[in-house]
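Below is protein-v5.txt, which holds compact mmCIF, C-alpha atoms.
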# COMPACT_ATOMS: atom_id res chain seq x y z
CA MET A 694 -19.09 12.66 4.42
CA ALA A 695 -17.29 9.67 2.93
CA HIS A 696 -17.80 6.29 4.40
CA PRO A 697 -15.69 3.11 4.32
CA TRP A 698 -16.52 2.20 0.77
CA THR A 699 -17.51 5.50 -0.81
CA THR A 700 -15.59 6.62 -3.87
CA ALA A 701 -16.41 7.64 -7.38
CA TYR A 702 -16.35 4.81 -9.89
CA ARG A 703 -17.56 4.35 -13.43
CA PRO A 704 -18.69 0.91 -14.54
CA GLY A 705 -18.13 1.27 -18.26
CA ARG A 706 -18.88 4.94 -18.92
CA ARG A 707 -21.67 5.36 -16.38
CA ALA A 708 -20.81 7.43 -13.33
CA LEU A 709 -22.59 6.43 -10.15
CA CYS A 710 -23.21 8.34 -6.95
CA GLY A 711 -21.36 6.32 -4.32
CA ALA A 712 -22.51 7.01 -0.80
CA LEU A 713 -23.27 3.70 0.87
CA LEU A 714 -24.37 3.74 4.42
CA ALA A 715 -21.44 2.81 6.58
CA ALA A 716 -21.65 6.02 8.54
CA PRO A 717 -22.95 7.00 11.95
CA LEU A 718 -26.62 7.74 12.41
CA THR A 719 -27.71 10.64 14.51
CA GLY A 720 -31.11 11.66 15.71
CA CYS A 721 -33.61 11.45 18.53
CA ALA A 722 -35.07 8.46 20.32
CA ALA A 723 -31.70 6.86 21.00
CA LEU A 724 -31.85 3.45 22.63
CA THR A 725 -30.19 2.32 25.80
CA PRO A 726 -26.50 1.89 24.95
CA GLY A 727 -25.80 -1.61 23.80
CA SER A 728 -29.39 -2.69 23.46
CA GLY A 729 -29.78 -5.57 21.02
CA PRO A 730 -32.97 -6.62 19.32
CA ASP A 731 -35.71 -6.67 21.96
CA THR A 732 -37.83 -9.70 21.19
CA SER A 733 -40.81 -8.10 22.91
CA ARG A 734 -40.68 -5.22 20.39
CA THR A 735 -39.47 -7.06 17.28
CA ARG A 736 -42.15 -7.27 14.62
CA THR A 737 -42.16 -10.02 12.03
CA VAL A 738 -43.35 -10.29 8.45
CA PRO A 739 -46.28 -12.63 7.78
CA ARG A 740 -45.50 -16.16 6.69
CA ALA A 741 -47.56 -15.88 3.52
CA THR A 742 -45.63 -14.63 0.48
CA ALA A 743 -48.39 -14.27 -2.12
CA VAL A 744 -48.17 -10.89 -3.86
CA PRO A 745 -51.51 -9.02 -3.74
CA ALA A 746 -53.43 -9.14 -7.00
CA GLY A 747 -54.58 -5.50 -6.91
CA ASP A 748 -52.53 -2.40 -7.59
CA VAL A 749 -49.94 -1.67 -4.91
CA THR A 750 -47.61 1.30 -4.47
CA LEU A 751 -44.50 1.00 -2.32
CA ARG A 752 -42.29 3.89 -1.26
CA LEU A 753 -38.53 3.32 -1.08
CA THR A 754 -36.06 5.66 0.62
CA PHE A 755 -32.37 5.30 -0.16
CA ALA A 756 -29.08 7.18 -0.49
CA ASP A 757 -26.94 5.18 -2.89
CA ALA A 758 -26.62 4.30 -6.58
CA PRO A 759 -29.79 5.90 -7.98
CA GLU A 760 -29.19 4.54 -11.49
CA MET A 761 -28.94 1.00 -10.14
CA VAL A 762 -32.05 1.48 -8.01
CA ASP A 763 -34.00 2.75 -11.03
CA ALA A 764 -32.90 -0.28 -13.05
CA LEU A 765 -33.88 -2.72 -10.29
CA ILE A 766 -37.29 -1.07 -9.87
CA ALA A 767 -37.97 -1.20 -13.62
CA ALA A 768 -37.00 -4.87 -13.83
CA PHE A 769 -39.13 -5.75 -10.80
CA HIS A 770 -42.12 -3.85 -12.19
CA LYS A 771 -41.81 -5.81 -15.43
CA ARG A 772 -42.14 -9.00 -13.39
CA HIS A 773 -44.95 -7.63 -11.17
CA PRO A 774 -46.81 -5.00 -13.25
CA ASN A 775 -49.33 -4.32 -10.48
CA VAL A 776 -46.63 -3.22 -8.02
CA ARG A 777 -45.22 0.27 -8.38
CA ILE A 778 -42.20 1.41 -6.39
CA GLU A 779 -41.69 5.13 -5.87
CA PRO A 780 -38.02 5.80 -5.05
CA ALA A 781 -37.03 8.77 -2.90
CA TYR A 782 -33.33 9.53 -3.14
CA THR A 783 -31.82 11.59 -0.31
CA GLN A 784 -28.28 12.90 -0.13
CA PHE A 785 -26.12 10.79 2.13
CA ALA A 786 -25.63 13.28 4.97
CA ASP A 787 -29.33 14.11 5.19
CA TYR A 788 -30.32 10.46 4.92
CA VAL A 789 -28.24 9.26 7.85
CA LYS A 790 -29.27 12.18 10.03
CA SER A 791 -32.98 11.63 9.51
CA LEU A 792 -33.30 7.86 9.10
CA LYS A 793 -34.19 7.01 12.70
CA LEU A 794 -36.91 9.64 12.76
CA THR A 795 -38.08 8.65 9.28
CA MET A 796 -38.54 5.01 10.23
CA ALA A 797 -40.31 5.96 13.47
CA SER A 798 -42.77 8.20 11.67
CA GLU A 799 -46.35 7.18 10.93
CA THR A 800 -45.56 8.12 7.32
CA ALA A 801 -42.50 5.87 7.16
CA PRO A 802 -41.66 4.45 3.71
CA ASP A 803 -42.36 0.80 2.95
CA LEU A 804 -38.73 0.02 2.13
CA ALA A 805 -35.47 1.63 3.29
CA GLN A 806 -31.84 1.10 2.48
CA PHE A 807 -30.05 -0.55 5.39
CA ALA A 808 -27.51 1.56 7.28
CA VAL A 809 -25.19 1.55 10.24
CA GLY A 810 -27.46 2.08 13.21
CA MET A 811 -30.33 0.15 11.62
CA ASN A 812 -29.92 -2.47 14.34
CA ASP A 813 -31.09 0.17 16.79
CA VAL A 814 -34.07 0.83 14.54
CA ALA A 815 -34.78 -2.89 14.54
CA ALA A 816 -34.54 -3.08 18.34
CA ARG A 817 -37.08 -0.28 18.52
CA GLY A 818 -39.45 -2.36 16.40
CA ASP A 819 -39.50 -0.02 13.40
CA ILE A 820 -38.37 -2.52 10.76
CA LEU A 821 -39.62 -6.06 10.30
CA ASP A 822 -37.84 -9.29 11.11
CA LEU A 823 -37.65 -11.11 7.76
CA THR A 824 -37.00 -14.60 9.17
CA PRO A 825 -40.29 -16.10 7.85
CA TYR A 826 -39.50 -14.79 4.36
CA ARG A 827 -35.95 -16.11 4.62
CA ASP A 828 -37.36 -19.59 5.18
CA ALA A 829 -40.30 -19.35 2.77
CA TYR A 830 -38.24 -17.96 -0.12
CA GLY A 831 -35.19 -20.13 0.57
CA TRP A 832 -32.82 -17.19 0.95
CA ARG A 833 -30.22 -19.31 2.76
CA GLU A 834 -29.59 -21.09 -0.54
CA ARG A 835 -29.74 -17.92 -2.64
CA PHE A 836 -27.62 -15.47 -0.63
CA PRO A 837 -24.15 -16.00 0.89
CA ALA A 838 -24.36 -16.86 4.58
CA THR A 839 -21.98 -14.04 5.45
CA ALA A 840 -24.20 -11.46 3.75
CA LEU A 841 -27.24 -12.62 5.72
CA ASP A 842 -25.28 -12.83 8.98
CA GLN A 843 -24.32 -9.18 8.64
CA LEU A 844 -28.02 -8.30 8.53
CA ALA A 845 -29.04 -10.47 11.47
CA GLY A 846 -28.84 -7.85 14.23
CA SER A 847 -26.29 -7.28 16.98
CA GLY A 848 -26.05 -7.68 20.72
CA PRO A 849 -27.99 -10.36 22.63
CA GLY A 850 -30.13 -12.40 20.25
CA ALA A 851 -27.99 -11.65 17.19
CA GLY A 852 -28.36 -14.31 14.52
CA ARG A 853 -31.94 -15.25 15.36
CA HIS A 854 -33.35 -12.49 13.18
CA LEU A 855 -32.93 -11.04 9.69
CA PHE A 856 -33.53 -7.35 9.12
CA GLY A 857 -32.43 -6.82 5.54
CA VAL A 858 -31.63 -8.44 2.19
CA PRO A 859 -28.59 -7.56 0.03
CA ALA A 860 -28.71 -6.35 -3.56
CA GLY A 861 -25.03 -5.74 -4.36
CA LEU A 862 -22.01 -6.59 -2.26
CA SER A 863 -18.79 -4.71 -1.56
CA MET A 864 -15.27 -5.82 -0.64
CA THR A 865 -11.92 -4.16 -0.06
CA GLY A 866 -8.48 -5.21 -1.24
CA ILE A 867 -5.32 -4.07 -3.03
CA TYR A 868 -5.07 -2.99 -6.67
CA TYR A 869 -1.68 -2.96 -8.37
CA ASP A 870 -0.17 -1.59 -11.56
CA LYS A 871 1.56 -4.53 -13.23
CA ARG A 872 3.96 -2.36 -15.25
CA ARG A 873 5.09 -0.30 -12.29
CA ALA A 874 5.33 -3.44 -10.16
CA ALA A 875 7.55 -5.07 -12.79
CA ARG A 876 9.92 -2.08 -12.65
CA ALA A 877 10.30 -2.84 -8.94
CA GLY A 878 10.94 -6.52 -9.66
CA VAL A 879 7.48 -7.59 -8.54
CA ARG A 880 6.07 -10.24 -10.87
CA ARG A 881 3.08 -11.65 -8.97
CA PRO A 882 0.69 -10.85 -6.13
CA PRO A 883 2.14 -11.57 -2.68
CA ARG A 884 1.29 -14.82 -0.97
CA THR A 885 2.04 -13.65 2.56
CA LEU A 886 2.06 -10.39 4.47
CA ASP A 887 5.86 -10.45 4.76
CA GLU A 888 6.12 -10.89 0.99
CA PHE A 889 3.82 -7.90 0.49
CA GLU A 890 5.98 -5.84 2.82
CA ALA A 891 9.04 -6.83 0.81
CA GLN A 892 7.28 -5.71 -2.37
CA LEU A 893 6.48 -2.34 -0.78
CA ALA A 894 10.15 -1.98 0.12
CA ALA A 895 11.18 -2.88 -3.44
CA ALA A 896 8.85 -0.22 -4.86
CA ARG A 897 10.35 2.32 -2.46
CA ARG A 898 13.89 1.43 -3.52
CA ALA A 899 12.84 1.80 -7.17
CA GLY A 900 11.89 5.42 -6.45
CA MET A 901 8.11 4.93 -6.67
CA THR A 902 5.29 5.47 -4.19
CA PRO A 903 4.61 1.97 -2.86
CA LEU A 904 1.04 2.19 -1.54
CA GLY A 905 -1.65 4.75 -2.39
CA VAL A 906 -3.90 5.50 0.59
CA GLY A 907 -6.79 7.98 0.62
CA ALA A 908 -6.80 8.46 4.38
CA LEU A 909 -8.54 11.84 4.33
CA ASP A 910 -11.80 9.89 4.27
CA SER A 911 -11.64 6.11 4.69
CA GLY A 912 -8.68 4.67 2.78
CA GLY A 913 -6.54 4.51 5.90
CA LEU A 914 -9.36 2.74 7.70
CA HIS A 915 -9.45 0.13 4.92
CA LEU A 916 -5.72 -0.46 5.31
CA TRP A 917 -5.94 -0.90 9.08
CA ALA A 918 -9.01 -3.14 8.80
CA GLY A 919 -7.27 -5.31 6.20
CA LEU A 920 -4.40 -5.93 8.60
CA ILE A 921 -6.77 -6.56 11.52
CA ASN A 922 -8.89 -9.02 9.51
CA ASN A 923 -5.87 -11.27 9.09
CA ALA A 924 -4.55 -10.80 12.62
CA MET A 925 -7.71 -11.42 14.64
CA PRO A 926 -9.75 -14.65 14.57
CA PRO A 927 -12.98 -13.86 12.68
CA ARG A 928 -15.13 -15.07 15.54
CA ASP A 929 -13.42 -12.69 17.97
CA TYR A 930 -13.60 -9.73 15.59
CA ARG A 931 -17.28 -10.33 14.84
CA ALA A 932 -18.04 -10.67 18.53
CA TRP A 933 -16.52 -7.21 19.03
CA VAL A 934 -18.46 -5.65 16.17
CA LYS A 935 -21.71 -7.18 17.41
CA GLY A 936 -21.15 -6.12 21.02
CA GLU A 937 -20.93 -9.54 22.63
CA PRO A 938 -20.00 -9.47 26.34
CA GLY A 939 -16.27 -9.58 27.00
CA ALA A 940 -15.25 -8.84 23.41
CA THR A 941 -12.20 -6.66 22.84
CA ILE A 942 -10.25 -5.14 19.95
CA ARG A 943 -7.07 -4.82 22.00
CA THR A 944 -5.13 -8.07 21.79
CA PRO A 945 -1.45 -8.91 21.21
CA ALA A 946 -2.27 -9.76 17.58
CA THR A 947 -4.13 -6.51 16.87
CA LEU A 948 -1.32 -4.55 18.52
CA ARG A 949 1.19 -6.20 16.16
CA ALA A 950 -1.02 -5.48 13.15
CA THR A 951 -1.47 -1.84 14.14
CA ARG A 952 2.26 -1.45 14.75
CA ARG A 953 2.87 -2.75 11.23
CA LEU A 954 0.76 0.07 9.80
CA VAL A 955 2.77 2.62 11.80
CA ASP A 956 6.00 0.99 10.67
CA TRP A 957 4.95 1.14 7.01
CA SER A 958 4.24 4.82 7.38
CA ARG A 959 7.60 5.49 9.06
CA ARG A 960 9.43 3.66 6.27
CA GLY A 961 7.76 5.75 3.59
CA TYR A 962 5.67 2.93 2.14
CA LEU A 963 2.47 5.00 2.20
CA SER A 964 1.84 7.95 -0.08
CA GLU A 965 3.34 11.08 1.49
CA SER A 966 0.05 12.99 1.34
CA ALA A 967 -2.11 10.07 2.52
CA ASN A 968 -3.79 12.06 5.30
CA GLY A 969 -4.66 14.88 2.89
CA THR A 970 -5.89 12.65 0.04
CA THR A 971 -9.37 11.24 -0.52
CA GLN A 972 -10.06 7.78 -1.90
CA VAL A 973 -11.23 9.37 -5.14
CA ASP A 974 -7.96 11.27 -5.52
CA SER A 975 -5.77 8.32 -4.54
CA THR A 976 -7.55 6.22 -7.17
CA GLY A 977 -7.13 8.96 -9.76
CA GLY A 978 -3.41 9.22 -9.01
CA PHE A 979 -3.01 5.46 -9.23
CA ILE A 980 -4.70 5.43 -12.64
CA ARG A 981 -2.82 8.40 -14.08
CA GLY A 982 0.59 7.29 -12.91
CA GLY A 983 3.43 9.76 -13.09
CA SER A 984 4.75 11.31 -9.89
CA ALA A 985 1.36 10.88 -8.19
CA GLY A 986 1.04 7.24 -9.16
CA SER A 987 1.55 4.37 -6.74
CA VAL A 988 2.42 0.74 -7.40
CA PHE A 989 -0.34 -0.50 -5.09
CA LEU A 990 -3.65 1.05 -4.02
CA VAL A 991 -5.97 0.35 -1.08
CA ASN A 992 -9.60 0.47 -2.23
CA GLY A 993 -12.68 -1.63 -2.86
CA ASN A 994 -14.62 -3.24 -5.70
CA TRP A 995 -16.55 0.01 -6.20
CA ALA A 996 -13.41 1.38 -7.90
CA ALA A 997 -13.00 -1.66 -10.18
CA GLY A 998 -15.01 -0.27 -13.09
CA GLN A 999 -13.00 2.95 -13.16
CA VAL A 1000 -9.68 1.10 -12.83
CA ALA A 1001 -10.60 -1.45 -15.51
CA GLU A 1002 -11.75 1.17 -18.00
CA ALA A 1003 -8.67 3.34 -17.60
CA MET A 1004 -5.94 0.72 -17.17
CA GLY A 1005 -7.19 -2.43 -18.90
CA GLU A 1006 -4.85 -5.42 -18.56
CA ARG A 1007 -2.29 -3.28 -16.72
CA ALA A 1008 -4.30 -3.49 -13.48
CA GLY A 1009 -4.53 -6.37 -11.03
CA PHE A 1010 -6.19 -7.03 -7.69
CA PHE A 1011 -5.53 -9.20 -4.66
CA LEU A 1012 -6.77 -9.54 -1.09
CA MET A 1013 -4.66 -8.28 1.78
CA PRO A 1014 -2.51 -11.36 2.44
CA ALA A 1015 -2.28 -13.15 5.76
CA GLU A 1016 0.87 -14.03 7.67
CA ARG A 1017 0.97 -17.49 6.12
CA ALA A 1018 0.26 -18.67 2.60
CA HIS A 1019 -3.03 -20.43 1.83
CA ALA A 1020 -4.69 -19.00 4.93
CA ARG A 1021 -8.38 -18.27 5.12
CA ALA A 1022 -9.36 -15.53 2.66
CA MET A 1023 -10.43 -12.44 4.62
CA ALA A 1024 -11.72 -8.98 3.64
CA SER A 1025 -13.93 -6.15 4.83
CA GLY A 1026 -17.24 -5.65 3.09
CA PHE A 1027 -20.95 -5.14 3.33
CA SER A 1028 -23.89 -4.78 0.96
CA VAL A 1029 -26.37 -2.37 -0.51
CA SER A 1030 -29.29 -3.84 1.41
CA TYR A 1031 -32.94 -3.06 2.00
CA ALA A 1032 -35.27 -3.43 4.97
CA ILE A 1033 -39.08 -3.41 5.29
CA SER A 1034 -40.77 -0.84 7.50
CA ALA A 1035 -42.89 -2.12 10.35
CA ARG A 1036 -45.55 0.40 9.24
CA THR A 1037 -45.96 -0.87 5.70
CA ARG A 1038 -49.44 -2.00 4.66
CA HIS A 1039 -47.96 -4.23 1.95
CA PRO A 1040 -45.33 -6.51 3.53
CA GLN A 1041 -45.89 -9.26 0.94
CA ALA A 1042 -45.31 -6.94 -2.01
CA ALA A 1043 -42.25 -5.52 -0.26
CA GLY A 1044 -41.04 -9.06 0.39
CA ALA A 1045 -41.44 -9.89 -3.31
CA PHE A 1046 -39.09 -7.00 -4.14
CA LEU A 1047 -36.51 -8.31 -1.66
CA ASP A 1048 -36.84 -11.77 -3.17
CA PHE A 1049 -36.28 -10.27 -6.61
CA LEU A 1050 -32.86 -9.15 -5.37
CA ALA A 1051 -31.90 -12.83 -5.20
CA SER A 1052 -32.80 -13.41 -8.87
CA ARG A 1053 -30.48 -13.88 -11.81
CA ALA A 1054 -31.91 -10.76 -13.44
CA SER A 1055 -31.03 -8.66 -10.40
CA ALA A 1056 -27.54 -10.17 -10.19
CA LYS A 1057 -26.80 -9.20 -13.78
CA LEU A 1058 -28.05 -5.67 -13.17
CA VAL A 1059 -26.00 -5.00 -10.05
CA SER A 1060 -22.94 -6.56 -11.68
CA GLY A 1061 -23.30 -4.13 -14.56
CA PHE A 1062 -23.18 -1.24 -12.09
CA GLY A 1063 -19.90 -2.35 -10.55
CA PHE A 1064 -21.21 -4.18 -7.48
CA LEU A 1065 -20.66 -7.84 -6.71
CA PRO A 1066 -23.83 -9.90 -7.16
CA PRO A 1067 -24.91 -11.72 -3.99
CA ASP A 1068 -24.44 -15.22 -5.41
CA GLY A 1069 -25.70 -18.00 -3.25
CA PRO A 1070 -23.59 -21.09 -2.45
CA GLY A 1071 -22.31 -22.55 -5.71
CA ASP A 1072 -24.19 -20.07 -7.89
CA THR A 1073 -22.37 -19.39 -11.16
CA SER A 1074 -25.26 -17.78 -13.04
CA VAL A 1075 -23.35 -14.51 -13.51
CA PRO A 1076 -20.21 -15.14 -15.59
CA VAL A 1077 -16.89 -13.96 -14.18
CA PRO A 1078 -15.72 -10.98 -16.25
CA GLU A 1079 -12.27 -10.55 -17.76
CA GLY A 1080 -9.30 -8.64 -16.38
CA VAL A 1081 -9.23 -6.88 -13.03
CA LEU A 1082 -13.01 -7.14 -12.73
CA GLY A 1083 -12.62 -10.91 -12.88
CA GLU A 1084 -9.83 -10.86 -10.31
CA VAL A 1085 -12.10 -8.93 -7.95
CA ALA A 1086 -14.99 -11.36 -8.57
CA ARG A 1087 -12.83 -14.44 -8.01
CA ALA A 1088 -11.39 -12.95 -4.83
CA HIS A 1089 -14.91 -12.29 -3.59
CA ARG A 1090 -15.91 -15.89 -4.25
CA ARG A 1091 -12.88 -17.06 -2.28
CA VAL A 1092 -13.85 -14.87 0.66
CA THR A 1093 -17.47 -16.05 0.47
CA ALA A 1094 -16.41 -19.71 0.31
CA ASP A 1095 -14.16 -19.23 3.35
CA ASP A 1096 -16.82 -17.27 5.29
CA GLY A 1097 -14.20 -14.55 5.50
CA MET A 1098 -16.22 -11.35 5.01
CA ASN A 1099 -16.03 -9.07 8.04
CA HIS A 1100 -18.09 -5.99 8.77
CA PHE A 1101 -16.38 -2.66 8.36
CA PRO A 1102 -15.16 -1.76 11.86
CA ASP A 1103 -17.37 1.32 12.14
CA PHE A 1104 -20.38 -1.02 12.27
CA THR A 1105 -19.43 -1.52 15.90
CA ALA A 1106 -21.32 1.63 16.99
CA PRO A 1107 -23.20 4.45 15.25
CA ASP A 1108 -20.63 7.04 16.35
CA MET A 1109 -17.51 4.95 15.63
CA LEU A 1110 -16.61 6.06 12.09
CA ASP A 1111 -15.12 9.50 12.70
CA PRO A 1112 -12.93 8.43 15.67
CA LEU A 1113 -11.74 5.41 13.66
CA ARG A 1114 -10.71 7.52 10.68
CA ALA A 1115 -9.12 10.21 12.84
CA GLY A 1116 -7.30 7.58 14.88
CA VAL A 1117 -5.82 5.92 11.80
CA GLN A 1118 -4.72 9.35 10.54
CA LYS A 1119 -2.91 9.88 13.83
CA LEU A 1120 -1.23 6.48 13.46
CA ILE A 1121 -0.05 7.41 9.97
CA ALA A 1122 1.23 10.75 11.27
CA ASP A 1123 2.89 9.02 14.27
CA ARG A 1124 0.88 11.16 16.68
CA THR A 1125 -0.53 8.28 18.75
CA THR A 1126 0.58 4.81 19.71
CA PRO A 1127 -1.09 1.56 18.65
CA GLY A 1128 -2.01 0.85 22.26
CA GLU A 1129 -3.61 4.26 22.75
CA PHE A 1130 -5.57 3.88 19.53
CA LEU A 1131 -6.92 0.45 20.39
CA ASP A 1132 -7.73 1.54 23.94
CA SER A 1133 -9.74 4.48 22.59
CA LEU A 1134 -11.78 2.13 20.38
CA GLN A 1135 -12.43 -0.21 23.29
CA ASP A 1136 -13.52 2.71 25.46
CA MET A 1137 -16.05 3.69 22.80
CA TRP A 1138 -17.21 0.08 22.58
CA ARG A 1139 -17.74 -0.02 26.33
CA GLU A 1140 -19.59 3.28 26.30
CA HIS A 1141 -21.96 2.09 23.57
CA TYR A 1142 -22.63 -1.40 24.88
CA GLY A 1143 -22.69 -0.42 28.55
CA ARG A 1144 -20.84 -3.40 29.91
CA GLY A 1145 -17.39 -4.74 30.51
CA GLY A 1146 -14.93 -5.76 27.89
CA GLY A 1147 -11.32 -6.79 27.79
CA ARG A 1148 -8.46 -4.29 27.58

Could I get this structure in the form of structure tokens?
Amino acid sequence: MAHPWTTAYRPGRRALCGALLAAPLTGCAALTPGSGPDTSRTRTVPRATAVPAGDVTLRLTFADAPEMVDALIAAFHKRHPNVRIEPAYTQFADYVKSLKLTMASETAPDLAQFAVGMNDVAARGDILDLTPYRDAYGWRERFPATALDQLAGSGPGAGRHLFGVPAGLSMTGIYYDKRRAARAGVRRPPRTLDEFEAQLAAARRAGMTPLGVGALDSGGLHLWAGLINNAMPPRDYRAWVKGEPGATIRTPATLRATRRLVDWSRRGYLSESANGTTQVDSTGGFIRGGSAGSVFLVNGNWAAGQVAEAMGERAGFFLMPAERAHARAMASGFSVSYAISARTRHPQAAGAFLDFLASRASAKLVSGFGFLPPDGPGDTSVPVPEGVLGEVARAHRRVTADDGMNHFPDFTAPDMLDPLRAGVQKLIADRTTPGEFLDSLQDMWREHYGRGGGR
């Protein structure tokens, strides 16, 4: 099952298995709906960070980017020869179905890739609160604040804990073909949302597909989220994702943004087969051009390597623009992150691996595999690449500087992804209204968090 940022991409000529964990978790031992981290059950890493001198073996379970994981493990082992990490790759669908039970087991691995639903695992006390390591290692200065905030739990008490550390970061936006755009009279990225809409109309008049959308999996969700990110104050959106009392996704601004998506579909600005096209196929069509090619494409940085290799200087990238120029830079994104099991016998060795993810060596590795390195404030240790890869990197730095990175909307609840994707498909097909769609999301929010919320 695809998730919000899953697609095939090839940094250079290396193909990676993209299946990051923005997908619902299923399994037994479900918590009370809406339960946040329970401080009586939360377990914390020790304050000491010294790596044991003897031989240590850590087990890591994960479901994304095995080549990158192997490279990180090898580089870490070179730095700490006495610590071995045994990776256990599991296919995405199996991983998300079994993760809650895996982390509750007495044979739980020492390290696990973070996933949607991991906040419930944290509330159950099955992964460790990393706050002492955050302070001891100085992670606030070495990771972007937004990246750490996304791993700080949800519900009551959110922000007082830290349950994971990022390795590589993701971000969505809009790619464009400069040659095709020029044929439509488009010479530069749009500065406002109205200007972008005018460019879509120009591409349509020129007889081209304006916007490629792989809505069969999550491309439509990216498009809707991009519009919502710029319509809704970040604090309000994040309150909704984290389940804060009274939060709501249905506001006049989100209604206008959702209506815009429907209007774009009605005007023929989206690819005709959007609802029957995956992100992989929409990206392939964008790259190949011809009758299947679009001027613009909704996707994320995970496609940048493939786009750069195939299109070179012809490709560009920009963030979904806001209603006014020079507004706060906003985008959807998350990270390939790792948590420490509460059952590990080697929390200090596991913590050393997480700290390695903040190193320059790790940043260069993840950058080489197409992810954005989690640069801390002002960190320029990883050079900005050329071409579209550089445009993606500079856009990410803008979003980080503006604290503009929002969770993917399915992070709101473990069972939110499929209804979100299906709902956006219905919007594109004009089979539901914006109000009905937003009401359905708010109903799911209320069901999960078990308390009132605005309509």

Excluding same-chain residues fewer than 2 positions from A:Asp828, what lies within 12 Å of it counting only C-alpha atoms, as a PyMOL selection string?
chain A and resi 738-742+822-826+830-835+854-855+1048

Just to be explicit: take each residue in the selection above, keep C-alpha atoms, and write the result as a PDB file, in the frame of the given file.
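In the end it all went to part-v9.pdb:
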ATOM      1  CA  VAL A 738     -43.350 -10.290   8.450  1.00  0.00           C
ATOM      2  CA  PRO A 739     -46.280 -12.630   7.780  1.00  0.00           C
ATOM      3  CA  ARG A 740     -45.500 -16.160   6.690  1.00  0.00           C
ATOM      4  CA  ALA A 741     -47.560 -15.880   3.520  1.00  0.00           C
ATOM      5  CA  THR A 742     -45.630 -14.630   0.480  1.00  0.00           C
ATOM      6  CA  ASP A 822     -37.840  -9.290  11.110  1.00  0.00           C
ATOM      7  CA  LEU A 823     -37.650 -11.110   7.760  1.00  0.00           C
ATOM      8  CA  THR A 824     -37.000 -14.600   9.170  1.00  0.00           C
ATOM      9  CA  PRO A 825     -40.290 -16.100   7.850  1.00  0.00           C
ATOM     10  CA  TYR A 826     -39.500 -14.790   4.360  1.00  0.00           C
ATOM     11  CA  TYR A 830     -38.240 -17.960  -0.120  1.00  0.00           C
ATOM     12  CA  GLY A 831     -35.190 -20.130   0.570  1.00  0.00           C
ATOM     13  CA  TRP A 832     -32.820 -17.190   0.950  1.00  0.00           C
ATOM     14  CA  ARG A 833     -30.220 -19.310   2.760  1.00  0.00           C
ATOM     15  CA  GLU A 834     -29.590 -21.090  -0.540  1.00  0.00           C
ATOM     16  CA  ARG A 835     -29.740 -17.920  -2.640  1.00  0.00           C
ATOM     17  CA  HIS A 854     -33.350 -12.490  13.180  1.00  0.00           C
ATOM     18  CA  LEU A 855     -32.930 -11.040   9.690  1.00  0.00           C
ATOM     19  CA  ASP A1048     -36.840 -11.770  -3.170  1.00  0.00           C
TER      20      ASP A1048
END

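Near (-40.4, -3.4, -12.2), the residues that fall inside 12 Å on the basis of all atoms listed in the file are Thr750, Leu751, Val762, Asp763, Ala764, Leu765, Ile766, Ala767, Ala768, Phe769, His770, Lys771, Arg772, His773, Pro774, Asn775, Val776, Arg777, Ile778, Glu779, Pro780, Ala1042, Ala1045, Phe1046, Phe1049, Leu1050, Ala1054 and Ser1055 of chain A.
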
Could you tell me which of A:Ser911, A:Asn923, A:Ser987, A:Asn812 comes closest to A:Thr885 if we count only C-alpha atoms?
A:Asn923

A:Arg1021, A:Arg752, A:Arg872, A:Arg880: which is nearest A:Pro802, counting all atoms listed in the file?
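Smallest separation from A:Pro802 among the options: A:Arg752.
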
Have a look at A:Gly1128, A:Val789, A:Thr754, A:Ser975 and name the one nearest to A:Thr944; count only C-alpha atoms.
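So, comparing all the options, the nearest one is A:Gly1128.
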
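Close to (-13.0, -11.9, 3.3), meaning no more than 7 Å away when counting only C-alpha atoms, sit the residues Ala1022, Met1023, Ala1024, Ser1025, Val1092, Thr1093, Asp1096, Gly1097, Met1098 and Asn1099 of chain A.
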
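We find atom CA of A:Met761 and atom CA of A:Ile867 to be spaced 25.2 Å apart.
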
Give me the residues near A:Ala918 as number ranges by chain, where near means some atom within 9 Å (using all atoms listed in the file) and where sequence neighbours in that chain fewer than 3 positions away do not count.
A: 913-915, 921-923, 1024-1025, 1101-1102

Among listed residues A:Ser1133, A:Gln1118, A:Thr783, A:Thr1105, nearest A:Glu937 (using all atoms listed in the file)
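For A:Glu937, the nearest of the given residues is A:Thr1105.
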
By how many Å are atom CA of A:Val955 and atom CA of A:Asp1123 apart?
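So the two atoms, atom CA of A:Val955 and atom CA of A:Asp1123, lie 6.9 Å apart.
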